[in-house]
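In what follows, a single structure is set out as structure tokens and then discussed.
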Amino acid sequence: MNRMFAIIEREMRKFFRSPMLMIMSLMMPILQLVIIGNAFGGKIVGTHVAVVDYDHGPQAVKVREAFDAIAVNIKTFTTIDYDSEIQAREDVRTGKIDAAVIIPAQYSRRVYAQDAPELGFVVDNSDLFTSASLEGEMQSLVDAMNAPQIQDRLTKAIALEIVELYPYVNYLKYLLPMTVALAMYISVMIGGGMLYIDDKARGVHEGYLVTPITKFELVFGLNIAGAIKATLSGISIAVIGSLMAGLGVVFHPVIMLQVLCLIIAGSIAFNGMMFLLMVRVDDPLVPRAMFGILNVLLLYPSGAMYPTSSFPKWMQAIGVVDPFTYVIHGFKSVLLKDGGWVAIWYDLLFLTAFGLATLFLATPLFKRTL
Amino acid sequence: MSAGPNGSPPGNGTPMDDGCGSKPVAIEVQHIVKRYGDFEAVKDVSFCVAEGEIFGLLGPNGAGKSTLIRMMTTLIPVTAGKAIVAGHDVAKDPDDVRRTIGVIPQALTSDQDLTVEENLSIYAKLYSVPRGIREKNIAEVLEAVDLTEWRDAQTKTLSGGMRRRLEIARGLVHNPRIFFLDEPTTGLDPVSRMAVWEMLNKLKSTRNLTMLLTTHYMDEADKLCDRIAIVDHGKMVALGTPVELKNSVAGANVVEVHFDREDEEWPARLEKLDDVTSVLPEGSGFYRVITRSGSRTTMQIVELAASLGESLTSLSVQNTTLDDVFIHYTGRQLRDEQVKPVFTMPPRPGARP
């Protein structure tokens, strides 16, 4: 057993002697949280919409006033007056403006006559995000104008009352579980994957193999060290990320314990998986070539960024055996929903079982000789 | 002296003899074979190493030296034959073998991020050296390799020679009986190489160590080893003390002659001279002539050149070296082999320079 602790000691000493490596493995997920959180969570502002007014009537003025209200309030877009619909279309196509509203001739008369008045909206739908945002704003504007001035005595409209179970979750908070999981994965990827193969290629393992250390001691020594490194990484990012995202719940003692259990179980699972993948690899280029695609293969089917219900069946199947799925579900349950032990017991069970199973599968594959 | 595998020497042969006589045996290799698929890396090699002896495996890269040492140190399985190290069969009792040996691999594998002492301490723990003895052993081996004052230095701050000495200390930290060194001076400058030789000689006498080392340096084998086995293409082609090996080459001297003009007739003409046993063309009119009488052959070469109206650029007489022995047994020069650069650990990503 002392020999196993010697391996752990060596790995941990090396880890703490490489500050740049530690910083990089912590900084990358934090950067990802900041960049992706802001990139996905932001609202569209400052776009340019052309207004081609062929009507110039009172109802057209009402539309333009509504646009002005948007421009000074939520600032989704500002308007630019155009004389020609053709020019406006061309400018949308070439990207000079983002959309164009066409107010046709006789629009005001049709409104008063209740003769199916229409506004035209030309939008660049190659940019789904911007076009959806502008369409949403326009639809709200049209709905507001459709509201009757004098309400019926008997209201026929059925209202949908939305009850939000949890406080508003912005994208930074939403992405925090993914960020913590990613930090653990990167730590395992570097410590358990790249450095493990590099050490093999440098002959460090050859040095171990000529000592009386057993296969079990060597495998468990390397994996326990890897899991400790991933756990330290996970704890650091959980604390730093929570502070950045404004999630104070992480400092609640019970939630802290639940997060810690998830981090430990997740670290064991990630490390076991990585060791199984790397156990027979000798070429240092292999892990480098494989980790980019492995990241995509594991992160996206887990539902970290998009709900799994929108995925095809084969992607959902990957998600079922993907440790990321359970780490992220667990973190979301305790950090965003305060779901308690009942919400995460299956995640903890799966991750621990997965980690141990992969480790026991990898141990016989580990060669005690070169 | 014995030469040639299975008693069939390429030159003058005497029957195969393991060379240990009645001395206590530390390592015994019997008809050992290593195959990788159809490729036979080591072909039926047998030898023994007596206790307290420094035994060298000499050969070019790819000759099978490292494969042999790796089989003896339990790093790779033996395909056929047997290797007994300190009385233990490497195939049956690998852990017993591991406890009695120290191994210095070809690569410099000590952790650069750890201090000298930490490197030694980790290895002492891997060999389960008890805490009380560990401290004493570390102090002793650091003293032996002259690194005591560098005890707390990070390994990456050491020079190549010092790092090699640290590797040697690491291999000794559990007091092994037998020490395996795979090309211990490859990549070192001449001064560091000599320092390592000196240290190994000192360790042999002070610790009564048996050492088996591989090398492709003739001078290293000549100066350091009590006995040498020449290995080529997986076979052991000669075995003996450096003196025995040199004497085994027919001819006591080597005449190096450089003719002004290259002529394809030169080898045949030189071979016809009295006492000449072999002629080795080295290109551009340069020949190494192995002869029983250096002085007589020198005179004859001068006369031959004069009679043919040719002139000589240079002419010198030397004693037979291990180079000549190697050429004699393998038919090629070791120095022609590409010398593999030593593998040093590249800096770890993120590590401080």
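Every chain in the structure tokens has a letter given in the order shown (A, B, ...), and although residue numbers restart at 1 in each chain, ligands are simply numbered from 1 in the order shown.
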Quiz item: Neighbours of stretch 320-334 of chain B within 6 Å (only C-alpha atoms; same-chain residues fewer than 3 positions away dropped), as a PyMOL selection string?
Solution: chain B and resi 60+218+246+252-254+337
Output file for the selection above: C-alpha atoms, as an mmCIF file, in the first residue's frame:
```
data_model
loop_
_atom_site.group_PDB
_atom_site.id
_atom_site.type_symbol
_atom_site.label_atom_id
_atom_site.label_comp_id
_atom_site.auth_asym_id
_atom_site.auth_seq_id
_atom_site.Cartn_x
_atom_site.Cartn_y
_atom_site.Cartn_z
ATOM 1 C CA PRO B 60 25.459 -0.954 -32.233
ATOM 2 C CA MET B 218 34.367 1.026 -27.369
ATOM 3 C CA LYS B 246 41.926 -7.943 -28.644
ATOM 4 C CA ALA B 252 48.673 -7.504 -33.056
ATOM 5 C CA ASN B 253 48.911 -4.191 -34.888
ATOM 6 C CA VAL B 254 46.868 -2.013 -37.152
ATOM 7 C CA GLU B 337 26.419 3.057 -36.844
#
```
Exercise. Considering only C-alpha atoms, return as an MDAnalysis selection string whatever protein or nucleic-acid residues lie within 9 Å of B:Glu310, sequence-local ones (same chain, fewer than 4 positions apart) excluded.
Key: chainID B and resid 259:261 304:306
Practice problem: In Å, rounded to a single decimal, give me how far atom CA of B:Ala229 is from atom CA of B:Glu282. | Solution: 25.3 Å
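For the pair atom CA of A:Tyr174 and atom CA of A:Gly37, the separation is 8.1 Å.
Counting only C-alpha atoms, A:Ala105 has the following residues at most 8 Å away, ignoring those fewer than 2 positions along the same chain: A:Asp53, A:Tyr54, A:Asp55, A:His56, A:Ile103, A:Tyr107.
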